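Source file: run-v8.txt; contents: compact mmCIF, C-alpha atoms.
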```
# COMPACT_ATOMS: atom_id res chain seq x y z
CA MET A 1 4.43 -8.46 -220.36
CA PRO A 2 0.61 -8.50 -220.13
CA SER A 3 -0.89 -5.34 -218.71
CA LEU A 4 -3.19 -5.18 -215.74
CA VAL A 5 -6.56 -4.03 -217.07
CA THR A 6 -8.85 -4.67 -214.11
CA GLY A 7 -6.31 -5.24 -211.39
CA THR A 8 -6.38 -8.98 -211.76
CA PRO A 9 -3.19 -10.38 -210.28
CA LEU A 10 -0.64 -11.95 -212.56
CA GLY A 11 0.35 -15.55 -212.52
CA ASN A 12 -1.64 -18.55 -211.54
CA VAL A 13 -5.04 -17.29 -210.39
CA VAL A 14 -7.96 -19.36 -209.21
CA THR A 15 -11.34 -17.65 -209.30
CA GLN A 16 -14.59 -18.50 -207.63
CA GLU A 17 -17.62 -19.50 -209.68
CA ASP A 18 -20.42 -17.14 -210.54
CA LEU A 19 -22.94 -19.50 -209.00
CA TYR A 20 -25.27 -18.61 -206.15
CA LEU A 21 -27.42 -20.92 -204.10
CA GLU A 22 -30.81 -20.07 -202.70
CA GLY A 23 -32.97 -21.72 -200.03
CA ALA A 24 -32.39 -24.37 -197.44
CA PRO A 25 -31.24 -27.94 -197.95
CA VAL A 26 -33.42 -30.89 -197.10
CA ILE A 27 -32.34 -32.15 -193.68
CA VAL A 28 -32.29 -35.89 -193.01
CA ILE A 29 -31.25 -37.58 -189.78
CA GLN A 30 -30.48 -41.18 -188.93
CA ASP A 31 -29.48 -42.94 -185.73
CA TYR A 32 -25.71 -42.68 -185.28
CA ASN A 33 -25.46 -46.46 -184.87
CA ALA A 34 -26.39 -46.98 -188.53
CA ALA A 35 -23.56 -47.49 -190.98
CA LEU A 36 -23.00 -44.63 -193.42
CA LEU A 37 -23.70 -45.23 -197.10
CA LYS A 38 -20.07 -44.48 -198.02
CA ASN A 39 -18.10 -46.02 -195.21
CA PRO A 40 -15.75 -44.85 -196.70
CA ASP A 41 -15.89 -44.18 -200.44
CA ALA A 42 -13.00 -44.81 -202.85
CA ASP A 43 -11.41 -41.50 -201.82
CA GLY A 44 -11.59 -42.23 -198.10
CA TYR A 45 -14.53 -39.95 -197.37
CA TYR A 46 -17.36 -40.95 -195.03
CA TRP A 47 -20.79 -39.67 -196.09
CA GLY A 48 -24.30 -40.48 -197.22
CA LEU A 49 -27.16 -42.28 -195.52
CA SER A 50 -28.88 -45.58 -196.22
CA GLY A 51 -32.12 -46.09 -194.33
CA THR A 52 -32.67 -49.59 -192.97
CA SER A 53 -35.58 -51.24 -191.25
CA THR A 54 -33.82 -50.83 -187.89
CA TYR A 55 -32.46 -47.36 -188.59
CA PRO A 56 -34.77 -45.48 -190.92
CA ALA A 57 -33.59 -42.20 -192.36
CA LYS A 58 -35.96 -39.46 -191.21
CA ILE A 59 -36.60 -36.38 -193.29
CA ILE A 60 -37.23 -33.26 -191.24
CA GLY A 61 -40.30 -31.59 -192.70
CA CYS A 62 -40.86 -27.94 -193.40
CA VAL A 63 -37.86 -25.94 -192.23
CA GLU A 64 -37.29 -22.21 -192.20
CA ASP A 65 -34.41 -19.87 -191.37
CA VAL A 66 -31.82 -22.61 -191.67
CA SER A 67 -28.22 -21.69 -190.97
CA LEU A 68 -24.99 -23.60 -190.57
CA THR A 69 -22.41 -22.23 -188.21
CA GLU A 70 -19.58 -23.39 -186.01
CA GLY A 71 -18.48 -23.03 -182.44
CA LEU A 72 -14.82 -22.25 -181.85
CA THR A 73 -12.50 -21.82 -178.95
CA MET A 74 -10.15 -18.95 -179.81
CA ASN A 75 -7.24 -17.67 -177.81
CA ASP A 76 -4.80 -14.99 -178.79
CA VAL A 77 -1.11 -15.56 -178.50
CA ARG A 78 0.07 -12.43 -176.77
CA CYS A 79 3.61 -11.36 -176.26
CA ASP A 80 3.88 -8.39 -174.02
CA THR A 81 6.71 -7.09 -176.11
CA ASP A 82 4.83 -7.17 -179.41
CA GLY A 83 1.15 -7.58 -178.67
CA VAL A 84 -1.07 -10.24 -180.19
CA LYS A 85 0.99 -12.28 -182.62
CA ASP A 86 -1.36 -15.09 -183.46
CA THR A 87 -4.72 -16.61 -182.68
CA VAL A 88 -5.05 -20.28 -181.86
CA GLN A 89 -8.35 -21.79 -182.83
CA ARG A 90 -10.05 -25.07 -182.16
CA ARG A 91 -13.30 -26.15 -183.78
CA ASP A 92 -15.65 -27.35 -181.04
CA TYR A 93 -18.80 -28.14 -183.00
CA VAL A 94 -20.80 -27.39 -186.11
CA ASP A 95 -24.43 -26.33 -185.72
CA PHE A 96 -27.43 -26.56 -187.99
CA ILE A 97 -29.89 -24.02 -186.60
CA MET A 98 -33.45 -24.02 -187.88
CA THR A 99 -37.13 -23.45 -187.33
CA ILE A 100 -39.32 -26.48 -187.98
CA LYS A 101 -42.94 -26.10 -188.98
CA SER A 102 -43.86 -29.79 -189.29
CA LEU A 103 -44.83 -31.45 -186.02
CA PHE A 104 -46.12 -34.83 -187.23
CA PRO A 105 -45.70 -37.67 -186.89
CA LEU A 106 -44.71 -37.37 -183.25
CA SER A 107 -42.29 -40.24 -183.83
CA VAL A 108 -40.05 -37.85 -185.78
CA ALA A 109 -40.79 -34.77 -183.66
CA ALA A 110 -39.69 -36.80 -180.64
CA ASP A 111 -36.14 -36.63 -182.03
CA PHE A 112 -35.82 -32.87 -182.44
CA LEU A 113 -37.80 -32.13 -179.27
CA ASN A 114 -35.82 -34.67 -177.19
CA LEU A 115 -38.95 -36.56 -176.15
CA SER A 116 -39.44 -40.24 -175.38
CA THR A 117 -39.84 -42.85 -178.11
CA ALA A 118 -43.39 -42.65 -179.43
CA THR A 119 -45.98 -45.37 -178.89
CA VAL A 120 -48.39 -45.80 -181.76
CA VAL A 121 -51.71 -47.60 -181.41
CA THR A 122 -54.82 -47.54 -183.56
CA ASP A 123 -55.92 -43.92 -184.04
CA MET A 124 -53.34 -42.54 -181.59
CA GLU A 125 -49.68 -41.81 -181.08
CA LYS A 126 -48.19 -40.79 -177.76
CA VAL A 127 -44.88 -39.41 -176.54
CA GLY A 128 -43.66 -38.54 -173.07
CA ILE A 129 -41.97 -35.33 -172.04
CA GLY A 130 -39.39 -36.74 -169.66
CA ALA A 131 -35.69 -36.68 -168.97
CA ILE A 132 -33.48 -36.03 -171.98
CA ASN A 133 -31.61 -39.04 -173.29
CA ASN A 134 -28.07 -37.74 -173.66
CA ASN A 135 -26.92 -40.90 -175.39
CA LYS A 136 -28.78 -40.28 -178.63
CA SER A 137 -26.71 -39.08 -181.57
CA TYR A 138 -27.50 -38.80 -185.26
CA HIS A 139 -25.91 -38.74 -188.66
CA VAL A 140 -27.03 -35.64 -190.55
CA TYR A 141 -27.38 -35.53 -194.31
CA ALA A 142 -28.43 -32.24 -195.90
CA PRO A 143 -28.56 -32.19 -199.71
CA LYS A 144 -29.27 -29.01 -201.66
CA VAL A 145 -29.98 -29.41 -205.36
CA TYR A 146 -28.95 -26.12 -206.96
CA ASP A 147 -29.62 -27.01 -210.59
CA GLU A 148 -33.01 -28.63 -211.05
CA ASP A 149 -32.31 -29.49 -214.71
CA THR A 150 -29.07 -31.35 -214.20
CA GLY A 151 -29.47 -32.46 -210.61
CA ASP A 152 -26.25 -30.76 -209.50
CA LEU A 153 -26.17 -30.72 -205.77
CA LEU A 154 -24.26 -29.86 -202.63
CA ILE A 155 -24.46 -32.18 -199.61
CA PHE A 156 -23.54 -31.38 -196.03
CA ASN A 157 -22.84 -34.49 -193.96
CA LEU A 158 -22.35 -34.24 -190.23
CA HIS A 159 -21.21 -37.42 -188.54
CA LYS A 160 -22.31 -37.25 -184.90
CA ALA A 161 -24.92 -34.68 -183.93
CA LYS A 162 -27.37 -34.10 -181.10
CA PHE A 163 -30.33 -31.83 -180.71
CA VAL A 164 -29.30 -29.33 -178.08
CA ASP A 165 -30.64 -26.20 -176.44
CA ALA A 166 -34.19 -25.30 -175.51
CA TRP A 167 -36.91 -25.33 -178.16
CA THR A 168 -40.02 -23.21 -178.24
CA ILE A 169 -43.26 -24.19 -179.96
CA GLU A 170 -44.75 -20.91 -181.09
CA MET A 171 -48.54 -21.24 -181.37
CA ARG A 172 -49.26 -18.20 -183.42
CA TYR A 173 -52.52 -16.43 -184.08
CA GLY A 174 -53.35 -16.50 -187.77
CA ASP A 175 -50.16 -18.35 -188.58
CA ASN A 176 -48.71 -21.85 -188.53
CA TRP A 177 -47.19 -23.35 -185.39
CA ALA A 178 -43.42 -23.37 -185.48
CA VAL A 179 -40.70 -24.98 -183.40
CA THR A 180 -37.97 -22.39 -182.98
CA GLY A 181 -34.55 -22.68 -181.41
CA VAL A 182 -33.85 -26.13 -182.85
CA LYS A 183 -30.11 -26.65 -182.82
CA LEU A 184 -28.56 -29.77 -184.33
CA ARG A 185 -24.98 -29.77 -183.03
CA ALA A 186 -22.31 -31.98 -184.57
CA TYR A 187 -19.35 -32.93 -182.41
CA ALA A 188 -16.04 -34.48 -183.36
CA ASP A 189 -16.46 -38.13 -184.25
CA THR A 190 -13.22 -39.77 -183.21
CA THR A 191 -13.97 -42.84 -185.34
CA LYS A 192 -13.44 -40.75 -188.47
CA PRO A 193 -10.18 -39.42 -189.91
CA SER A 194 -8.98 -36.18 -188.33
CA ALA A 195 -9.52 -34.14 -191.48
CA GLN A 196 -13.23 -34.98 -191.51
CA LYS A 197 -14.07 -35.68 -187.90
CA PHE A 198 -17.02 -33.28 -187.86
CA GLY A 199 -18.33 -34.03 -191.31
CA VAL A 200 -17.91 -33.91 -195.06
CA ILE A 201 -19.22 -31.59 -197.78
CA VAL A 202 -19.77 -33.19 -201.17
CA ARG A 203 -20.52 -31.34 -204.39
CA GLN A 204 -21.64 -33.17 -207.49
CA ASP A 205 -21.54 -31.08 -210.69
CA PRO A 206 -20.35 -32.99 -213.80
CA SER A 207 -20.54 -29.93 -216.07
CA VAL A 208 -17.97 -28.02 -214.02
CA LEU A 209 -15.87 -30.53 -212.09
CA MET B 1 -73.12 -103.61 -194.84
CA LYS B 2 -73.79 -100.75 -192.53
CA PRO B 3 -71.81 -97.59 -193.23
CA VAL B 4 -69.21 -96.77 -190.65
CA VAL B 5 -69.87 -93.47 -188.96
CA ALA B 6 -66.93 -91.84 -187.40
CA ASP B 7 -67.93 -90.20 -184.15
CA ASN B 8 -66.64 -86.72 -183.47
CA PRO B 9 -63.85 -86.72 -185.91
CA GLN B 10 -61.23 -84.37 -184.55
CA THR B 11 -59.76 -81.82 -186.83
CA THR B 12 -56.50 -80.17 -185.97
CA LYS B 13 -56.23 -76.51 -186.85
CA ILE B 14 -52.72 -75.61 -187.81
CA ASN B 15 -51.85 -72.04 -186.91
CA THR B 16 -49.52 -70.56 -189.44
CA THR B 17 -47.68 -67.37 -188.70
CA VAL B 18 -46.10 -64.70 -190.78
CA ALA B 19 -43.06 -62.68 -189.70
CA LEU B 20 -43.62 -58.93 -189.95
CA GLN B 21 -40.84 -56.42 -189.43
CA SER B 22 -41.49 -52.90 -188.24
CA LEU B 23 -40.17 -50.10 -190.45
CA PHE B 24 -41.38 -47.27 -188.22
CA PRO B 25 -39.32 -45.64 -185.44
CA ALA B 26 -41.85 -46.03 -182.64
CA HIS B 27 -43.32 -48.58 -180.24
CA LEU B 28 -46.18 -50.04 -182.29
CA LYS B 29 -49.13 -51.85 -180.67
CA TYR B 30 -51.92 -53.23 -182.81
CA ILE B 31 -54.73 -55.72 -182.30
CA GLY B 32 -55.27 -58.04 -185.25
CA LEU B 33 -58.54 -59.35 -186.61
CA SER B 34 -57.93 -62.49 -184.57
CA GLY B 35 -58.06 -60.40 -181.39
CA GLN B 36 -54.40 -60.97 -180.66
CA GLU B 37 -52.33 -57.93 -179.66
CA TYR B 38 -48.92 -57.50 -181.21
CA GLN B 39 -46.11 -55.16 -180.19
CA TRP B 40 -43.03 -53.98 -182.00
CA LYS B 41 -40.83 -52.12 -179.50
CA GLN B 42 -38.71 -50.34 -182.13
CA ALA B 43 -38.00 -50.14 -185.82
CA GLY B 44 -36.51 -53.40 -187.10
CA ASP B 45 -38.27 -55.63 -184.58
CA VAL B 46 -39.78 -58.81 -186.02
CA VAL B 47 -42.97 -60.32 -184.64
CA HIS B 48 -44.67 -63.48 -185.83
CA VAL B 49 -48.35 -62.75 -186.38
CA ASN B 50 -51.29 -64.98 -187.23
CA GLU B 51 -51.64 -65.49 -190.94
CA GLU B 52 -55.13 -63.97 -190.89
CA ASP B 53 -53.83 -60.77 -189.26
CA ALA B 54 -50.95 -60.27 -191.66
CA PRO B 55 -52.77 -58.61 -194.60
CA THR B 56 -54.40 -55.98 -192.37
CA LEU B 57 -51.14 -55.15 -190.65
CA LEU B 58 -49.16 -55.05 -193.89
CA SER B 59 -51.60 -52.55 -195.37
CA LYS B 60 -51.27 -50.18 -192.42
CA LYS B 61 -49.63 -46.87 -193.12
CA HIS B 62 -49.75 -43.37 -191.75
CA LYS B 63 -51.49 -41.76 -194.67
CA HIS B 64 -50.34 -38.23 -195.36
CA ARG B 65 -48.96 -36.07 -198.09
CA GLY B 66 -45.18 -36.20 -198.18
CA CYS B 67 -43.67 -32.93 -197.10
CA CYS B 68 -41.44 -30.55 -198.84
CA GLY B 69 -40.57 -32.04 -202.19
CA VAL B 70 -40.77 -35.68 -201.19
CA TYR B 71 -43.65 -37.58 -202.79
CA SER B 72 -45.15 -40.06 -200.41
CA GLU B 73 -48.49 -41.66 -199.75
CA GLY B 74 -47.52 -42.03 -196.11
CA ASN B 75 -45.20 -44.01 -193.91
CA VAL B 76 -45.43 -47.77 -194.42
CA LEU B 77 -45.29 -49.47 -191.03
CA PHE B 78 -44.49 -53.12 -191.77
CA GLN B 79 -42.82 -55.38 -194.26
CA LEU B 80 -42.62 -59.14 -194.61
CA TYR B 81 -39.50 -60.44 -192.96
CA LYS B 82 -37.64 -63.29 -194.57
CA GLU B 83 -35.34 -65.05 -192.17
CA ALA B 84 -31.90 -65.82 -193.57
CA VAL B 85 -31.41 -69.49 -194.30
CA ASN B 86 -28.02 -70.78 -193.26
CA ALA B 87 -26.60 -73.13 -195.80
```
Kindly present the structure from the file in C-alpha cells form.
Amino acid sequence: MPSLVTGTPLGNVVTQEDLYLEGAPVIVIQDYNAALLKNPDADGYYWGLSGTSTYPAKIIGCVEDVSLTEGLTMNDVRCDTDGVKDTVQRRDYVDFIMTIKSLFPLSVAADFLNLSTATVVTDMEKVGIGAINNNKSYHVYAPKVYDEDTGDLLIFNLHKAKFVDAWTIEMRYGDNWAVTGVKLRAYADTTKPSAQKFGVIVRQDPSVL
Amino acid sequence: MKPVVADNPQTTKINTTVALQSLFPAHLKYIGLSGQEYQWKQAGDVVHVNEEDAPTLLSKKHKHRGCCGVYSEGNVLFQLYKEAVNA
C-alpha cells in the first residue's frame, strides 16, 4: 500500500495545472443578428465571430480593470426542524465589467455608451445622446492568448449581451480620459442549448490537451 | 465634291456606375468629385456611385494606429460590391 507523503489522496486524482494567466482578454463585439462562426461546431458548441460587411466585428480598444462575474438568484431551502438544508441557485446573467480608455471612433463608442448610430461625413462624425435602444444585443468574443510562443489561448464567448448600467467618462487632470462603469451583461439565449445558453469557454492548447 | 459637314453632331455620354458597399457601422454621407452626394445608412448598404467618384470613395479610410495589439492602418470604409449572378 503506497504511503501518504504529502497528504495527497489515494486513488484517481485529477490535479489542476500550474499555469497562471495575466492581463485582460481582447474584447470583441458583434451585432447579435450575425451568425456565429461555429454555428455549431462538430461538438455542438456555438462560438466564434466572423465579421461581415453588414455586421462587422468591433474590437473594444484599450481596456482596464476587466472582470468577469455572474449574477445569481439564490434561495435557501429552510426546514424549521433542521435549518437550512440546501441552496437553490439560478444563473441570471454573466457580466464583463471594464473601464475603457479608447473613445474613438464614435461609431464604436456609440455601442458601449448606448448612443445613437453615428453619422460620418467629411472631417466629422456625430452621435446623438438620446433614448436607449433596448433592442440591441451583441455577441461577445474575448480571446486571451496566454502563451505568445505557441499561440495557446482561452476564449470567452457570450451569446447575447447588452451594455447596461450608467457609464461615467472621467476627464482626469494629468491622465487619460476613461469610461468607467461599463457593464456588458450576457443573458440566457434561448436559441442555444441549455448547457451553453449564456456562452461557451474554449481553450486551445495542443501541448497539454 | 464638297465635303459633308455634320452640324452639331450629338454625342451621348453614357454614365457608368460602380456599386460600393459600406463596411463601416455608421451612417456615411460623402460628396463625390462629381458633386453628387451619396449615403450609406448602415454597414452592408450598397450604393451605385458614378464611376469617376469610385476611386476617391474606395480610398477613404479612418486613418489611425490600430489599438492594443491589433495592427491596422485604419478602418476601410468601402469595398466594391459584386452582385450575385443568378444562373
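The residue set within 10 Å of B:Ser59, counting all atoms listed in the file and dropping same-chain residues fewer than 4 places from it, reads Ala54, Pro55, Val76, Leu77, Phe78 and Gln79 of chain B.
Distance criterion 7 Å to chain A, applied with only C-alpha atoms, yields Ser22, Leu23, Pro25, Ala26, His27, Leu28, Lys29, Tyr30, Ala43, Gly44, Cys67 and Cys68 of chain B on chain B.
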Could you write those residues out with C-alpha atoms, as a PDB file, in the coordinates of the input?
```
ATOM      1  CA  SER B  22     -41.490 -52.900-188.240  1.00  0.00           C
ATOM      2  CA  LEU B  23     -40.170 -50.100-190.450  1.00  0.00           C
ATOM      3  CA  PRO B  25     -39.320 -45.640-185.440  1.00  0.00           C
ATOM      4  CA  ALA B  26     -41.850 -46.030-182.640  1.00  0.00           C
ATOM      5  CA  HIS B  27     -43.320 -48.580-180.240  1.00  0.00           C
ATOM      6  CA  LEU B  28     -46.180 -50.040-182.290  1.00  0.00           C
ATOM      7  CA  LYS B  29     -49.130 -51.850-180.670  1.00  0.00           C
ATOM      8  CA  TYR B  30     -51.920 -53.230-182.810  1.00  0.00           C
ATOM      9  CA  ALA B  43     -38.000 -50.140-185.820  1.00  0.00           C
ATOM     10  CA  GLY B  44     -36.510 -53.400-187.100  1.00  0.00           C
ATOM     11  CA  CYS B  67     -43.670 -32.930-197.100  1.00  0.00           C
ATOM     12  CA  CYS B  68     -41.440 -30.550-198.840  1.00  0.00           C
TER      13      CYS B  68
END
```
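Counting from atom CA of B:Trp40, the distance to atom CA of B:Lys60 is 13.8 Å.
For the residues B:Asn75, B:Gln39, B:Thr56, B:Asn50, ranking by smallest atom-to-atom distance to B:Phe24 using all atoms listed in the file places B:Asn75 first.
Minimum distance to A:Lys136 across A:Leu36, A:Ile29, A:Val94, A:Val179 (counting only C-alpha atoms) occurs at A:Ile29.
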Counting all atoms listed in the file, which residues have an atom no more than 7 Å from (-31.0, -22.8, -194.2) in the file's coordinates? Please list them as number ranges by chain.
A: 23-25, 64-67, 98
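With distances taken from (-26.4, -34.9, -195.2) and restricted to all atoms listed in the file, the residues inside 6 Å are Val140, Tyr141, Ala142, Pro143, Ile155, Phe156 and Asn157 of chain A.
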Using C-alpha atoms, can you export the residues from the last selection as a CSV table (one decimal), keeping the file's coordinate frame?
```csv
chain,number,residue,atom,x,y,z
A,140,VAL,CA,-27.0,-35.6,-190.6
A,141,TYR,CA,-27.4,-35.5,-194.3
A,142,ALA,CA,-28.4,-32.2,-195.9
A,143,PRO,CA,-28.6,-32.2,-199.7
A,155,ILE,CA,-24.5,-32.2,-199.6
A,156,PHE,CA,-23.5,-31.4,-196.0
A,157,ASN,CA,-22.8,-34.5,-194.0
```
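Computed from the coordinates, the atom CA of B:Ser34 to atom CA of B:Glu83 distance equals 24.0 Å.
Non-sequential neighbours of A:Gly130 (distance at most 9 Å, separation of 3 or more positions within a chain, all atoms listed in the file) are Asn114, Leu115, Ser116 and Asn133 of chain A.
Each of A:Tyr45, A:Trp177, A:Tyr32, A:Phe96 was compared to A:Lys192 using all atoms listed in the file, and A:Tyr45 turns out to be the nearest.
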Complete the atom set of stretch 34-48 of chain B to N, CA and C atoms and return it as a CSV table (one decimal), in the frame of the given file.
```csv
chain,number,residue,atom,x,y,z
B,34,SER,N,-57.8,-61.3,-185.4
B,34,SER,CA,-57.9,-62.5,-184.6
B,34,SER,C,-58.1,-62.1,-183.1
B,35,GLY,N,-57.9,-60.8,-182.8
B,35,GLY,CA,-58.1,-60.4,-181.4
B,35,GLY,C,-56.7,-60.4,-180.6
B,36,GLN,N,-55.7,-60.9,-181.3
B,36,GLN,CA,-54.4,-61.0,-180.7
B,36,GLN,C,-53.7,-59.6,-180.7
B,37,GLU,N,-53.1,-59.2,-179.6
B,37,GLU,CA,-52.3,-57.9,-179.7
B,37,GLU,C,-50.9,-58.2,-180.0
B,38,TYR,N,-50.3,-57.4,-180.8
B,38,TYR,CA,-48.9,-57.5,-181.2
B,38,TYR,C,-48.2,-56.2,-180.9
B,39,GLN,N,-46.9,-56.3,-180.5
B,39,GLN,CA,-46.1,-55.2,-180.2
B,39,GLN,C,-44.8,-55.3,-180.9
B,40,TRP,N,-44.4,-54.1,-181.5
B,40,TRP,CA,-43.0,-54.0,-182.0
B,40,TRP,C,-42.4,-52.8,-181.2
B,41,LYS,N,-41.4,-53.1,-180.4
B,41,LYS,CA,-40.8,-52.1,-179.5
B,41,LYS,C,-40.1,-51.0,-180.2
B,42,GLN,N,-39.5,-51.3,-181.4
B,42,GLN,CA,-38.7,-50.3,-182.1
B,42,GLN,C,-38.6,-50.8,-183.6
B,43,ALA,N,-38.2,-49.8,-184.4
B,43,ALA,CA,-38.0,-50.1,-185.8
B,43,ALA,C,-37.0,-51.3,-186.0
B,44,GLY,N,-37.4,-52.2,-186.9
B,44,GLY,CA,-36.5,-53.4,-187.1
B,44,GLY,C,-37.0,-54.6,-186.4
B,45,ASP,N,-37.8,-54.5,-185.3
B,45,ASP,CA,-38.3,-55.6,-184.6
B,45,ASP,C,-39.1,-56.5,-185.5
B,46,VAL,N,-39.0,-57.8,-185.2
B,46,VAL,CA,-39.8,-58.8,-186.0
B,46,VAL,C,-40.7,-59.5,-185.1
B,47,VAL,N,-42.0,-59.6,-185.4
B,47,VAL,CA,-43.0,-60.3,-184.6
B,47,VAL,C,-43.7,-61.3,-185.6
B,48,HIS,N,-43.9,-62.5,-185.1
B,48,HIS,CA,-44.7,-63.5,-185.8
B,48,HIS,C,-46.2,-63.3,-185.5
```
